[in-house]
>>> print(open('model-v4.cif').read())   # mmCIF, C-alpha atoms and all ligand atoms
data_input
#
loop_
_atom_site.group_PDB
_atom_site.id
_atom_site.type_symbol
_atom_site.label_atom_id
_atom_site.label_comp_id
_atom_site.auth_asym_id
_atom_site.auth_seq_id
_atom_site.Cartn_x
_atom_site.Cartn_y
_atom_site.Cartn_z
ATOM 1 C CA MET C 231 -69.731 37.485 -38.184
ATOM 2 C CA LEU C 232 -68.434 33.931 -37.924
ATOM 3 C CA LYS C 233 -69.837 31.504 -40.493
ATOM 4 C CA ARG C 234 -69.040 27.849 -39.745
ATOM 5 C CA LEU C 235 -67.770 25.769 -42.651
ATOM 6 C CA ASP C 236 -66.502 22.203 -42.469
ATOM 7 C CA GLY C 237 -65.334 20.969 -39.021
ATOM 8 C CA ARG C 238 -62.720 23.338 -37.648
ATOM 9 C CA LEU C 239 -62.963 25.921 -40.408
ATOM 10 C CA ALA C 240 -65.023 29.097 -40.203
ATOM 11 C CA GLN C 241 -65.253 32.211 -42.352
ATOM 12 C CA VAL C 242 -64.944 35.610 -40.704
ATOM 13 C CA VAL C 243 -67.360 37.635 -42.838
ATOM 14 C CA SER C 244 -66.418 41.312 -42.920
ATOM 15 C CA GLU C 245 -69.168 43.817 -42.144
ATOM 16 C CA ALA C 246 -67.474 46.319 -44.492
ATOM 17 C CA GLY C 247 -66.545 45.792 -48.159
ATOM 18 C CA PHE C 248 -64.089 48.068 -50.019
ATOM 19 C CA THR C 249 -60.590 47.962 -48.464
ATOM 20 C CA TYR C 250 -61.611 45.095 -46.127
ATOM 21 C CA CYS C 251 -61.789 41.329 -46.740
ATOM 22 C CA ASN C 252 -63.262 38.077 -45.446
ATOM 23 C CA CYS C 253 -60.895 35.862 -43.461
ATOM 24 C CA LEU C 254 -60.614 32.171 -42.547
ATOM 25 C CA TYR C 255 -60.443 30.975 -38.933
ATOM 26 C CA ILE C 256 -59.004 27.529 -38.168
ATOM 27 C CA ASP C 257 -60.015 26.455 -34.669
ATOM 28 C CA ASP C 258 -57.328 23.805 -34.094
ATOM 29 C CA ASP C 259 -54.425 23.107 -31.686
ATOM 30 C CA VAL C 260 -52.652 26.031 -33.373
ATOM 31 C CA LYS C 261 -55.428 28.608 -33.650
ATOM 32 C CA THR C 262 -54.873 30.279 -36.991
ATOM 33 C CA LEU C 263 -56.225 33.073 -39.147
ATOM 34 C CA ILE C 264 -55.736 33.435 -42.860
ATOM 35 C CA GLU C 265 -55.939 37.236 -43.347
ATOM 36 C CA THR C 266 -56.918 39.796 -40.723
ATOM 37 C CA GLY C 267 -58.627 42.358 -42.973
ATOM 38 C CA ALA C 268 -62.229 41.994 -41.757
ATOM 39 C CA SER C 269 -63.691 45.233 -40.382
ATOM 40 C CA ASP C 270 -63.420 45.983 -36.646
ATOM 41 C CA ASN C 271 -66.996 44.960 -35.853
ATOM 42 C CA SER C 272 -66.594 41.496 -37.457
ATOM 43 C CA TRP C 273 -64.446 39.881 -34.736
ATOM 44 C CA SER C 274 -66.804 39.660 -31.739
ATOM 45 C CA GLU C 275 -66.840 35.828 -31.698
ATOM 46 C CA ILE C 276 -63.034 35.421 -31.701
ATOM 47 C CA ASP C 277 -60.781 35.994 -28.689
ATOM 48 C CA ALA C 278 -57.896 37.944 -30.240
ATOM 49 C CA ASP C 279 -55.357 36.726 -27.666
ATOM 50 C CA SER C 280 -56.140 33.078 -28.467
ATOM 51 C CA ILE C 281 -54.802 33.393 -32.031
ATOM 52 C CA ASP C 282 -51.374 31.708 -32.386
ATOM 53 C CA ARG C 283 -50.678 32.114 -36.102
ATOM 54 C CA ILE C 284 -51.596 34.398 -38.957
ATOM 55 C CA LEU C 285 -50.992 33.447 -42.596
ATOM 56 C CA TYR C 286 -51.336 36.086 -45.307
ATOM 57 C CA THR C 287 -52.144 35.323 -48.937
ATOM 58 C CA HIS C 288 -50.415 38.596 -49.897
ATOM 59 C CA HIS C 289 -49.506 42.083 -48.712
ATOM 60 C CA HIS C 290 -52.484 44.260 -49.736
ATOM 61 C CA ILE C 291 -54.016 46.566 -47.145
ATOM 62 C CA ASP C 292 -57.494 44.991 -47.346
ATOM 63 C CA HIS C 293 -55.920 41.693 -46.162
ATOM 64 C CA ILE C 294 -53.420 42.825 -43.540
ATOM 65 C CA ARG C 295 -55.326 45.611 -41.781
ATOM 66 C CA GLY C 296 -56.336 44.401 -38.331
ATOM 67 C CA ASN C 297 -52.958 42.693 -37.756
ATOM 68 C CA ASP C 298 -52.274 44.644 -34.558
ATOM 69 C CA ARG C 299 -55.456 43.239 -32.956
ATOM 70 C CA PHE C 300 -53.712 39.837 -32.559
ATOM 71 C CA LYS C 301 -50.828 40.676 -30.233
ATOM 72 C CA LYS C 302 -49.702 37.085 -29.524
ATOM 73 C CA ALA C 303 -49.838 35.727 -33.070
ATOM 74 C CA VAL C 304 -46.848 34.835 -35.252
ATOM 75 C CA THR C 305 -47.352 36.317 -38.714
ATOM 76 C CA SER C 306 -46.103 34.822 -42.007
ATOM 77 C CA ILE C 307 -46.211 35.776 -45.687
ATOM 78 C CA HIS C 308 -44.386 34.739 -48.868
ATOM 79 C CA PRO C 309 -40.885 36.328 -49.037
ATOM 80 C CA LEU C 310 -41.665 38.175 -52.305
ATOM 81 C CA ASP C 311 -44.416 40.140 -50.514
ATOM 82 C CA ALA C 312 -42.649 40.634 -47.172
ATOM 83 C CA LEU C 313 -40.665 43.687 -48.328
ATOM 84 C CA ALA C 314 -43.871 45.524 -49.241
ATOM 85 C CA LEU C 315 -44.780 45.506 -45.554
ATOM 86 C CA ASP C 316 -41.340 46.560 -44.329
ATOM 87 C CA ASN C 317 -42.050 50.310 -44.401
ATOM 88 C CA PHE C 318 -44.571 52.816 -45.751
ATOM 89 C CA PRO C 319 -42.563 53.990 -48.829
ATOM 90 C CA ASN C 320 -42.180 50.333 -49.899
ATOM 91 C CA PHE C 321 -45.912 49.813 -49.415
ATOM 92 C CA LEU C 322 -46.751 52.798 -51.659
ATOM 93 C CA HIS C 323 -44.235 51.625 -54.267
ATOM 94 C CA TYR C 324 -45.456 47.996 -54.409
ATOM 95 C CA ASN C 325 -49.052 49.215 -54.683
ATOM 96 C CA SER C 326 -48.112 51.625 -57.519
ATOM 97 C CA ILE C 327 -49.596 54.450 -55.442
ATOM 98 C CA ASP C 328 -46.450 56.483 -56.149
ATOM 99 C CA GLN C 329 -47.666 56.540 -59.784
ATOM 100 C CA TRP C 330 -50.996 58.182 -58.879
ATOM 101 C CA ASN C 331 -50.076 61.789 -59.712
ATOM 102 C CA GLU C 332 -48.603 60.801 -63.074
ATOM 103 C CA LEU C 333 -51.556 58.607 -64.096
ATOM 104 C CA MET C 334 -54.329 60.722 -62.578
ATOM 105 C CA PRO C 335 -53.207 64.312 -63.383
ATOM 106 C CA ASP C 336 -56.783 65.649 -63.136
ATOM 107 C CA ASN C 337 -57.467 63.988 -59.803
ATOM 108 C CA VAL C 338 -54.454 64.692 -57.658
ATOM 109 C CA TYR C 339 -55.578 64.335 -54.099
ATOM 110 C CA ALA C 340 -54.492 62.617 -50.924
ATOM 111 C CA ASN C 341 -55.713 59.230 -52.166
ATOM 112 C CA VAL C 342 -54.146 57.297 -49.316
ATOM 113 C CA THR C 343 -56.524 58.938 -46.845
ATOM 114 C CA GLU C 344 -59.350 57.086 -48.583
ATOM 115 C CA MET C 345 -57.864 53.888 -47.146
ATOM 116 C CA ASN C 346 -57.751 55.430 -43.636
ATOM 117 C CA LEU C 347 -54.026 54.941 -43.705
ATOM 118 C CA ALA C 348 -51.154 57.141 -42.625
ATOM 119 C CA PRO C 349 -47.434 56.295 -42.372
ATOM 120 C CA ASP C 350 -47.372 56.045 -38.572
ATOM 121 C CA SER C 351 -50.564 53.946 -38.362
ATOM 122 C CA PHE C 352 -49.230 51.631 -41.091
ATOM 123 C CA GLU C 353 -45.940 50.904 -39.353
ATOM 124 C CA LYS C 354 -47.708 50.377 -36.027
ATOM 125 C CA MET C 355 -50.257 48.078 -37.602
ATOM 126 C CA ILE C 356 -48.162 45.451 -39.320
ATOM 127 C CA LYS C 357 -45.400 43.126 -38.243
ATOM 128 C CA VAL C 358 -44.202 40.107 -40.189
ATOM 129 C CA ASN C 359 -42.375 37.467 -38.146
ATOM 130 C CA GLY C 360 -41.560 34.969 -40.850
ATOM 131 C CA THR C 361 -42.098 33.602 -44.336
ATOM 132 C CA PHE C 362 -43.283 30.377 -45.953
ATOM 133 C CA GLU C 363 -42.413 28.771 -49.274
ATOM 134 C CA ASP C 364 -44.294 27.187 -52.149
ATOM 135 C CA GLY C 365 -45.224 23.602 -51.314
ATOM 136 C CA GLU C 366 -44.684 23.978 -47.574
ATOM 137 C CA ILE C 367 -47.078 21.893 -45.457
ATOM 138 C CA ILE C 368 -48.343 23.688 -42.371
ATOM 139 C CA ASP C 369 -49.597 21.386 -39.607
ATOM 140 C CA LEU C 370 -52.062 22.994 -37.194
ATOM 141 C CA GLY C 371 -53.054 19.821 -35.275
ATOM 142 C CA ALA C 372 -55.926 17.993 -36.952
ATOM 143 C CA THR C 373 -55.770 20.346 -39.931
ATOM 144 C CA ARG C 374 -53.053 20.311 -42.601
ATOM 145 C CA LEU C 375 -52.725 22.922 -45.259
ATOM 146 C CA GLN C 376 -50.289 23.452 -48.100
ATOM 147 C CA VAL C 377 -48.888 26.730 -49.408
ATOM 148 C CA VAL C 378 -49.298 27.134 -53.176
ATOM 149 C CA HIS C 379 -47.418 30.095 -54.655
ATOM 150 C CA THR C 380 -49.727 31.783 -57.187
ATOM 151 C CA PRO C 381 -48.095 35.013 -58.458
ATOM 152 C CA GLY C 382 -49.975 37.402 -60.730
ATOM 153 C CA HIS C 383 -52.097 39.429 -58.317
ATOM 154 C CA SER C 384 -48.865 40.220 -56.478
ATOM 155 C CA ALA C 385 -45.425 38.613 -56.821
ATOM 156 C CA GLY C 386 -45.786 36.692 -53.569
ATOM 157 C CA HIS C 387 -49.506 35.861 -53.682
ATOM 158 C CA CYS C 388 -50.237 32.391 -52.288
ATOM 159 C CA VAL C 389 -53.352 30.288 -51.915
ATOM 160 C CA PHE C 390 -53.853 27.676 -49.196
ATOM 161 C CA TRP C 391 -54.830 24.113 -50.107
ATOM 162 C CA PHE C 392 -56.487 21.823 -47.576
ATOM 163 C CA PRO C 393 -55.836 18.362 -49.102
ATOM 164 C CA ASP C 394 -57.949 16.378 -46.624
ATOM 165 C CA GLN C 395 -61.026 18.517 -47.297
ATOM 166 C CA GLU C 396 -60.133 19.159 -50.992
ATOM 167 C CA PHE C 397 -60.863 22.780 -50.117
ATOM 168 C CA LEU C 398 -58.984 25.844 -51.352
ATOM 169 C CA PHE C 399 -58.726 29.301 -49.811
ATOM 170 C CA SER C 400 -57.925 31.329 -52.914
ATOM 171 C CA GLY C 401 -57.205 34.805 -51.503
ATOM 172 C CA ASP C 402 -57.412 37.353 -54.299
ATOM 173 C CA ILE C 403 -57.982 34.833 -57.027
ATOM 174 C CA CYS C 404 -61.187 36.385 -55.864
ATOM 175 C CA LEU C 405 -63.889 34.977 -58.197
ATOM 176 C CA THR C 406 -65.894 38.206 -57.921
ATOM 177 C CA LYS C 407 -67.512 39.918 -60.919
ATOM 178 C CA ALA C 408 -64.843 42.673 -60.889
ATOM 179 C CA GLY C 409 -61.749 40.449 -60.986
ATOM 180 C CA PRO C 410 -59.088 39.471 -61.834
ATOM 181 C CA TRP C 411 -57.060 42.429 -60.533
ATOM 182 C CA TYR C 412 -53.384 42.918 -61.444
ATOM 183 C CA SER C 413 -52.707 46.630 -60.985
ATOM 184 C CA GLU C 414 -49.796 46.699 -58.584
ATOM 185 C CA LEU C 415 -46.177 47.095 -59.649
ATOM 186 C CA TYR C 416 -45.295 43.389 -59.463
ATOM 187 C CA ALA C 417 -48.653 42.052 -60.695
ATOM 188 C CA ASP C 418 -48.721 40.266 -64.035
ATOM 189 C CA PRO C 419 -51.737 39.067 -66.057
ATOM 190 C CA GLY C 420 -49.769 36.236 -67.732
ATOM 191 C CA GLN C 421 -48.641 34.925 -64.348
ATOM 192 C CA MET C 422 -52.229 35.228 -63.143
ATOM 193 C CA ILE C 423 -53.382 32.902 -65.959
ATOM 194 C CA ASP C 424 -50.649 30.388 -65.042
ATOM 195 C CA SER C 425 -51.608 30.603 -61.353
ATOM 196 C CA ILE C 426 -55.309 30.022 -62.032
ATOM 197 C CA ASN C 427 -54.299 26.986 -64.128
ATOM 198 C CA LYS C 428 -52.226 25.758 -61.159
ATOM 199 C CA VAL C 429 -55.322 26.079 -58.953
ATOM 200 C CA ILE C 430 -57.469 24.253 -61.541
ATOM 201 C CA GLU C 431 -54.964 21.361 -61.534
ATOM 202 C CA LEU C 432 -55.555 20.891 -57.799
ATOM 203 C CA LYS C 433 -59.174 19.985 -58.678
ATOM 204 C CA PRO C 434 -60.662 21.562 -55.539
ATOM 205 C CA LYS C 435 -64.162 20.452 -54.554
ATOM 206 C CA SER C 436 -64.852 23.828 -52.962
ATOM 207 C CA VAL C 437 -63.257 27.282 -52.988
ATOM 208 C CA LEU C 438 -63.593 30.334 -50.799
ATOM 209 C CA SER C 439 -61.865 33.595 -51.672
ATOM 210 C CA SER C 440 -61.190 36.700 -49.594
ATOM 211 C CA HIS C 441 -63.950 38.668 -51.327
ATOM 212 C CA ILE C 442 -66.884 36.289 -51.612
ATOM 213 C CA THR C 443 -69.147 35.130 -48.794
ATOM 214 C CA LYS C 444 -70.525 31.986 -50.418
ATOM 215 C CA LEU C 445 -68.509 28.780 -50.683
ATOM 216 C CA VAL C 446 -68.143 27.864 -54.373
ATOM 217 C CA ILE C 447 -68.909 24.155 -54.793
ATOM 218 C CA ASP C 448 -67.734 22.445 -58.007
ATOM 219 C CA PRO C 449 -65.656 25.529 -58.881
ATOM 220 C CA MET C 450 -64.117 24.443 -62.234
ATOM 221 C CA PRO C 451 -66.462 26.390 -64.591
ATOM 222 C CA CYS C 452 -66.168 29.463 -62.380
ATOM 223 C CA LEU C 453 -62.343 29.298 -62.277
ATOM 224 C CA LYS C 454 -62.066 28.829 -66.048
ATOM 225 C CA GLU C 455 -64.447 31.703 -66.818
ATOM 226 C CA TYR C 456 -62.527 33.920 -64.357
ATOM 227 C CA ARG C 457 -59.187 33.022 -66.030
ATOM 228 C CA ASP C 458 -60.539 33.628 -69.543
ATOM 229 C CA ARG C 459 -61.622 37.179 -68.640
ATOM 230 C CA ILE C 460 -57.928 38.146 -68.907
ATOM 231 C CA LEU C 461 -57.854 36.995 -72.543
ATOM 232 C CA LYS C 462 -61.161 38.780 -73.199
ATOM 233 C CA ARG C 463 -59.623 42.001 -71.896
ATOM 234 C CA ASP C 464 -56.712 41.509 -74.367
ATOM 235 C CA ASP C 465 -59.321 41.138 -77.150
ATOM 236 C CA ASN C 466 -61.338 44.176 -76.001
ATOM 237 C CA ILE C 467 -58.258 46.406 -76.016
ATOM 238 C CA TYR C 468 -56.981 45.133 -79.376
ATOM 239 C CA ASN C 469 -60.423 45.474 -81.025
ATOM 240 C CA PHE C 470 -60.862 48.981 -79.627
ATOM 241 C CA LEU C 471 -57.501 50.101 -81.054
ATOM 242 C CA LYS C 472 -58.300 48.480 -84.401
ATOM 243 C CA GLN C 473 -61.595 50.413 -84.609
ATOM 244 C CA GLN C 474 -60.002 53.744 -83.696
ATOM 245 C CA LYS C 475 -57.499 53.592 -86.591
ATOM 246 C CA LYS C 476 -55.391 56.232 -84.811
ATOM 247 C CA PRO C 477 -53.006 56.205 -81.857
ATOM 248 C CA GLU C 478 -54.614 56.171 -78.408
ATOM 249 C CA THR C 479 -53.124 56.762 -74.984
ATOM 250 C CA ILE C 480 -54.113 54.899 -71.823
ATOM 251 C CA HIS C 481 -55.917 58.104 -70.769
ATOM 252 C CA ASP C 482 -58.054 57.842 -73.933
ATOM 253 C CA MET C 483 -58.736 54.149 -73.283
ATOM 254 C CA ALA C 484 -59.523 54.251 -69.547
ATOM 255 C CA GLY C 485 -63.202 54.508 -68.622
ATOM 256 C CA ARG C 486 -64.359 52.849 -71.870
ATOM 257 C CA ARG C 487 -65.282 49.518 -70.243
ATOM 258 C CA LEU C 488 -62.380 47.653 -71.854
ATOM 259 C CA ILE C 489 -61.538 46.137 -68.444
ATOM 260 C CA TYR C 490 -64.077 47.314 -65.849
ATOM 261 C CA LYS C 491 -67.795 47.634 -66.502
ATOM 262 C CA ILE C 492 -68.477 50.265 -63.841
ATOM 263 C CA TYR C 493 -66.358 52.972 -62.195
ATOM 264 C CA PRO C 494 -67.682 53.595 -58.672
ATOM 265 C CA THR C 495 -64.508 55.393 -57.468
ATOM 266 C CA MET C 496 -61.444 57.062 -58.999
ATOM 267 C CA TRP C 497 -59.460 54.056 -57.792
ATOM 268 C CA VAL C 498 -61.104 51.941 -60.481
ATOM 269 C CA ILE C 499 -59.953 54.345 -63.215
ATOM 270 C CA PHE C 500 -56.454 54.349 -61.689
ATOM 271 C CA TRP C 501 -56.349 50.536 -61.575
ATOM 272 C CA GLU C 502 -57.719 50.305 -65.107
ATOM 273 C CA LYS C 503 -54.890 52.515 -66.381
ATOM 274 C CA LEU C 504 -52.305 50.341 -64.617
ATOM 275 C CA MET C 505 -53.863 47.208 -66.091
ATOM 276 C CA LEU C 506 -54.107 48.746 -69.565
ATOM 277 C CA ILE C 507 -50.332 49.287 -69.438
ATOM 278 C CA LYS C 508 -49.822 45.572 -68.673
ATOM 279 C CA HIS C 509 -52.219 44.402 -71.417
ATOM 280 C CA LEU C 510 -50.658 46.747 -73.989
ATOM 281 C CA GLU C 511 -47.243 45.292 -73.127
ATOM 282 C CA ARG C 512 -48.630 41.770 -73.735
ATOM 283 C CA LEU C 513 -50.153 42.842 -77.060
ATOM 284 C CA LYS C 514 -46.874 44.545 -78.081
ATOM 285 C CA GLN C 515 -44.934 41.375 -77.327
ATOM 286 C CA VAL C 516 -47.064 39.313 -79.731
ATOM 287 C CA GLY C 517 -46.919 42.005 -82.434
ATOM 288 C CA LEU C 518 -50.604 43.045 -82.308
ATOM 289 C CA VAL C 519 -49.974 46.558 -81.024
ATOM 290 C CA GLU C 520 -47.274 49.129 -81.708
ATOM 291 C CA GLU C 521 -46.225 52.008 -79.471
ATOM 292 C CA VAL C 522 -45.925 54.789 -82.079
ATOM 293 C CA GLU C 523 -44.601 57.320 -79.627
ATOM 294 C CA LYS C 524 -44.231 57.208 -75.861
ATOM 295 C CA ASP C 525 -47.532 56.019 -74.262
ATOM 296 C CA SER C 526 -49.404 56.160 -77.571
ATOM 297 C CA PHE C 527 -50.583 52.888 -79.121
ATOM 298 C CA ILE C 528 -52.027 51.699 -82.427
ATOM 299 C CA ALA C 529 -53.218 48.264 -83.625
ATOM 300 C CA CYS C 530 -50.911 46.627 -86.173
HETATM 301 ZN ZN ZN C 601 -55.052 41.985 -53.209
HETATM 302 ZN ZN ZN C 602 -58.204 41.826 -51.695
#
>>> encode(input="model-v4.cif", output="structure tokens")
Amino acid sequence: MLKRLDGRLAQVVSEAGFTYCNCLYIDDDVKTLIETGASDNSWSEIDADSIDRILYTHHHIDHIRGNDRFKKAVTSIHPLDALALDNFPNFLHYNSIDQWNELMPDNVYANVTEMNLAPDSFEKMIKVNGTFEDGEIIDLGATRLQVVHTPGHSAGHCVFWFPDQEFLFSGDICLTKAGPWYSELYADPGQMIDSINKVIELKPKSVLSSHITKLVIDPMPCLKEYRDRILKRDDNIYNFLKQQKKPETIHDMAGRRLIYKIYPTMWVIFWEKLMLIKHLERLKQVGLVEEVEKDSFIAC
């Protein structure tokens, strides 16, 4: 479904949720999409062959699936995320999926099939023609947008700033109840805080992310609350370890609502374990947590 925003901008609202995303359509001289991850039945109002350019906020499957629908488009992404899309083993590695069997010993199964993804379909689906850099201005005709590199969710995650409209497309600085997410290999919660601060400094009047359908007007309180959840997760983990008074592993800690509040799929447990590892590293670095033996942690 196409939802008109300001002037030449429209949101492509995905009919499906998990492993799909909402996209932005810019109907200008250079017809452009930001993301292609809306579900198949969401594109009826857009002529696929009319799309000239595709810009990706980052490499995750929920954003890049659908790429092969737009045969004539030139596709760009930040260089730090381009390698993840080079081949299927890289994709699994960047997404930490090659750690599944180690982290989920009781749930070893063909997890990739849950994303409807196989090596041959992946390599057929995605092509990246070029890259863009932080600060680059992209001119599409009447519409100008600026690339803002915002690592944390992935190393090459970028948001797109529309200075004339004071509008931001924030990708997976997603502003949903479940976020922020920083489970992949090159994700980093500290960088995510810095990136959200970078977004706040832009003072956007409105924000749309890849996983919300409603434009957020006057987004400052929402952005700050979203950023501060990362610090709250640090506190939750530290306080939990302090109460336990004995060493805990990430397997003991996962599923206890220290990061997520609900666990609708095994993916959420997997992601929570990956994020626990990153938080425990942060807490170790400031001397609040000690790793007493491998993968076993206690509050100092
Ligand atoms: Zn993502
Ligand atoms: Zn996403």
>>> resolve_selection(input="model-v4.cif", expression="the PyMOL selection byres (((chain C and resi 433-435) around 6) and not hetatm)", output="PyMOL selection string")
chain C and resi 396-397+430-432+436+448
>>> write_last_selection(input="model-v4.cif", atoms="C-alpha atoms", output="PDB file, keeping the file's coordinate frame")
ATOM      1  CA  GLU C 396     -60.133  19.159 -50.992  1.00  0.00           C
ATOM      2  CA  PHE C 397     -60.863  22.780 -50.117  1.00  0.00           C
ATOM      3  CA  ILE C 430     -57.469  24.253 -61.541  1.00  0.00           C
ATOM      4  CA  GLU C 431     -54.964  21.361 -61.534  1.00  0.00           C
ATOM      5  CA  LEU C 432     -55.555  20.891 -57.799  1.00  0.00           C
ATOM      6  CA  SER C 436     -64.852  23.828 -52.962  1.00  0.00           C
ATOM      7  CA  ASP C 448     -67.734  22.445 -58.007  1.00  0.00           C
TER       8      ASP C 448
END
>>> residues_near_ligand(input="model-v4.cif", ligand="ligand ZN 601 (chain C)", cutoff="7 Å", atoms="all atoms listed in the file", output="list in words")
His288, His290, His383 and Asp402 of chain C
>>> residues_near_ligand(input="model-v4.cif", ligand="ligand ZN 602 (chain C)", cutoff="7 Å", atoms="all atoms listed in the file", output="list in words")
Cys251, His290, Asp292, His293, Asp402, Ser440 and His441 of chain C
>>> resolve_selection(input="model-v4.cif", expression="the PyMOL selection byres (((chain C and resi 353-363) around 6) and not hetatm)", output="PyMOL selection string")
chain C and resi 297-298+304-309+350-352+364+366
>>> resolve_selection(input="model-v4.cif", expression="the PyMOL selection byres (((chain C and resi 287) around 7) and not hetatm)", output="list in words")
Leu285, Tyr286, His288, Ile307, His387, Cys388, Val389 and Gly401 of chain C
>>> closest_atom_pairs(input="model-v4.cif", of="region 358-456 of chain C", to="region 512-520 of chain C", cutoff="10 Å", atoms="all atoms listed in the file", output="CSV")
residue,atom,partner,partner_atom,distance
C:Asp418,CA,C:Arg512,CA,9.8
C:Pro419,CA,C:Arg512,CA,8.7
C:Gly420,CA,C:Arg512,CA,8.2
>>> residues_around(input="model-v4.cif", residues="Asn466 (chain C)", least_positions_apart="6", cutoff="9 Å", atoms="only C-alpha atoms", output="number ranges by chain")
C: 487-489
>>> closest_residue(input="model-v4.cif", among="C:Leu461, C:Ile281, C:Leu510, C:Leu235", to="Val446 (chain C)", atoms="only C-alpha atoms")
C:Leu235
>>> residues_near_point(input="model-v4.cif", point="(-44.2, 36.6, -59.7)", cutoff="8 Å", atoms="all atoms listed in the file", output="list of chain:residue names")
C:Leu310, C:Thr380, C:Pro381, C:Gly382, C:Ser384, C:Ala385, C:Gly386, C:Tyr416, C:Ala417, C:Asp418, C:Gln421
>>> closest_residue(input="model-v4.cif", among="C:Leu438, C:Ser425, C:Tyr468, C:Gln474", to="Lys454 (chain C)", atoms="all atoms listed in the file")
C:Ser425
>>> residues_near_point(input="model-v4.cif", point="(-64.6, 49.2, -37.9)", cutoff="10 Å", atoms="all atoms listed in the file", output="number ranges by chain")
C: 244-246, 250, 268-273, 296
>>> closest_residue(input="model-v4.cif", among="C:Ile423, C:Ala312, C:Val437, C:Val429", to="Phe399 (chain C)", atoms="only C-alpha atoms")
C:Val437
>>> residues_around(input="model-v4.cif", residues="Lys444 (chain C)", least_positions_apart="6", cutoff="12 Å", atoms="all atoms listed in the file", output="NGL selection string")
:C and (233-235 or 240-243 or 252 or 404-406 or 436-438)
>>> closest_residue(input="model-v4.cif", among="C:Leu322, C:Ala408, C:Cys253, C:Ala529", to="Asn469 (chain C)", atoms="only C-alpha atoms")
C:Ala529
>>> atom_distance(input="model-v4.cif", atom1="CA of Thr266 (chain C)", atom2="CA of Thr495 (chain C)")
24.1 Å
>>> closest_residue(input="model-v4.cif", among="C:Thr443, C:Ile284, C:His289, C:Ile480", to="Met231 (chain C)", atoms="all atoms listed in the file")
C:Thr443
>>> decode(input="model-v4.cif", residues="region 268-314 of chain C", atoms="C-alpha atoms", output="CSV table (one decimal), in the first residue's frame")
chain,number,residue,atom,x,y,z
C,268,ALA,CA,8.1,-4.7,1.6
C,269,SER,CA,6.2,-7.9,1.0
C,270,ASP,CA,5.3,-8.9,-2.6
C,271,ASN,CA,1.7,-7.8,-2.4
C,272,SER,CA,2.7,-4.2,-1.3
C,273,TRP,CA,4.0,-2.9,-4.6
C,274,SER,CA,0.8,-2.8,-6.8
C,275,GLU,CA,0.9,1.0,-7.2
C,276,ILE,CA,4.6,1.2,-8.3
C,277,ASP,CA,5.8,0.3,-11.8
C,278,ALA,CA,9.0,-1.7,-11.0
C,279,ASP,CA,10.7,-0.8,-14.2
C,280,SER,CA,10.3,2.9,-13.6
C,281,ILE,CA,12.6,2.8,-10.5
C,282,ASP,CA,16.0,4.3,-11.3
C,283,ARG,CA,17.8,4.1,-7.9
C,284,ILE,CA,17.7,2.1,-4.8
C,285,LEU,CA,19.3,3.3,-1.6
C,286,TYR,CA,19.7,0.9,1.4
C,287,THR,CA,20.0,1.9,5.0
C,288,HIS,CA,21.9,-1.3,5.7
C,289,HIS,CA,22.3,-4.9,4.6
C,290,HIS,CA,19.6,-6.9,6.6
C,291,ILE,CA,17.3,-9.3,4.8
C,292,ASP,CA,14.1,-7.5,5.8
C,293,HIS,CA,15.4,-4.4,4.0
C,294,ILE,CA,17.0,-5.8,0.9
C,295,ARG,CA,14.6,-8.6,0.0
C,296,GLY,CA,12.6,-7.6,-3.1
C,297,ASN,CA,15.7,-6.2,-4.8
C,298,ASP,CA,15.4,-8.4,-7.9
C,299,ARG,CA,11.9,-6.9,-8.6
C,300,PHE,CA,13.6,-3.6,-9.8
C,301,LYS,CA,15.6,-4.8,-12.8
C,302,LYS,CA,16.6,-1.3,-14.1
C,303,ALA,CA,17.6,0.3,-10.8
C,304,VAL,CA,21.1,1.1,-9.6
C,305,THR,CA,21.6,0.0,-6.1
C,306,SER,CA,23.8,1.6,-3.4
C,307,ILE,CA,24.7,0.9,0.2
C,308,HIS,CA,27.4,2.1,2.6
C,309,PRO,CA,30.8,0.3,1.9
C,310,LEU,CA,30.9,-1.2,5.4
C,311,ASP,CA,27.7,-3.2,4.7
C,312,ALA,CA,28.4,-4.0,1.0
C,313,LEU,CA,30.5,-7.1,1.8
C,314,ALA,CA,27.7,-8.7,3.8
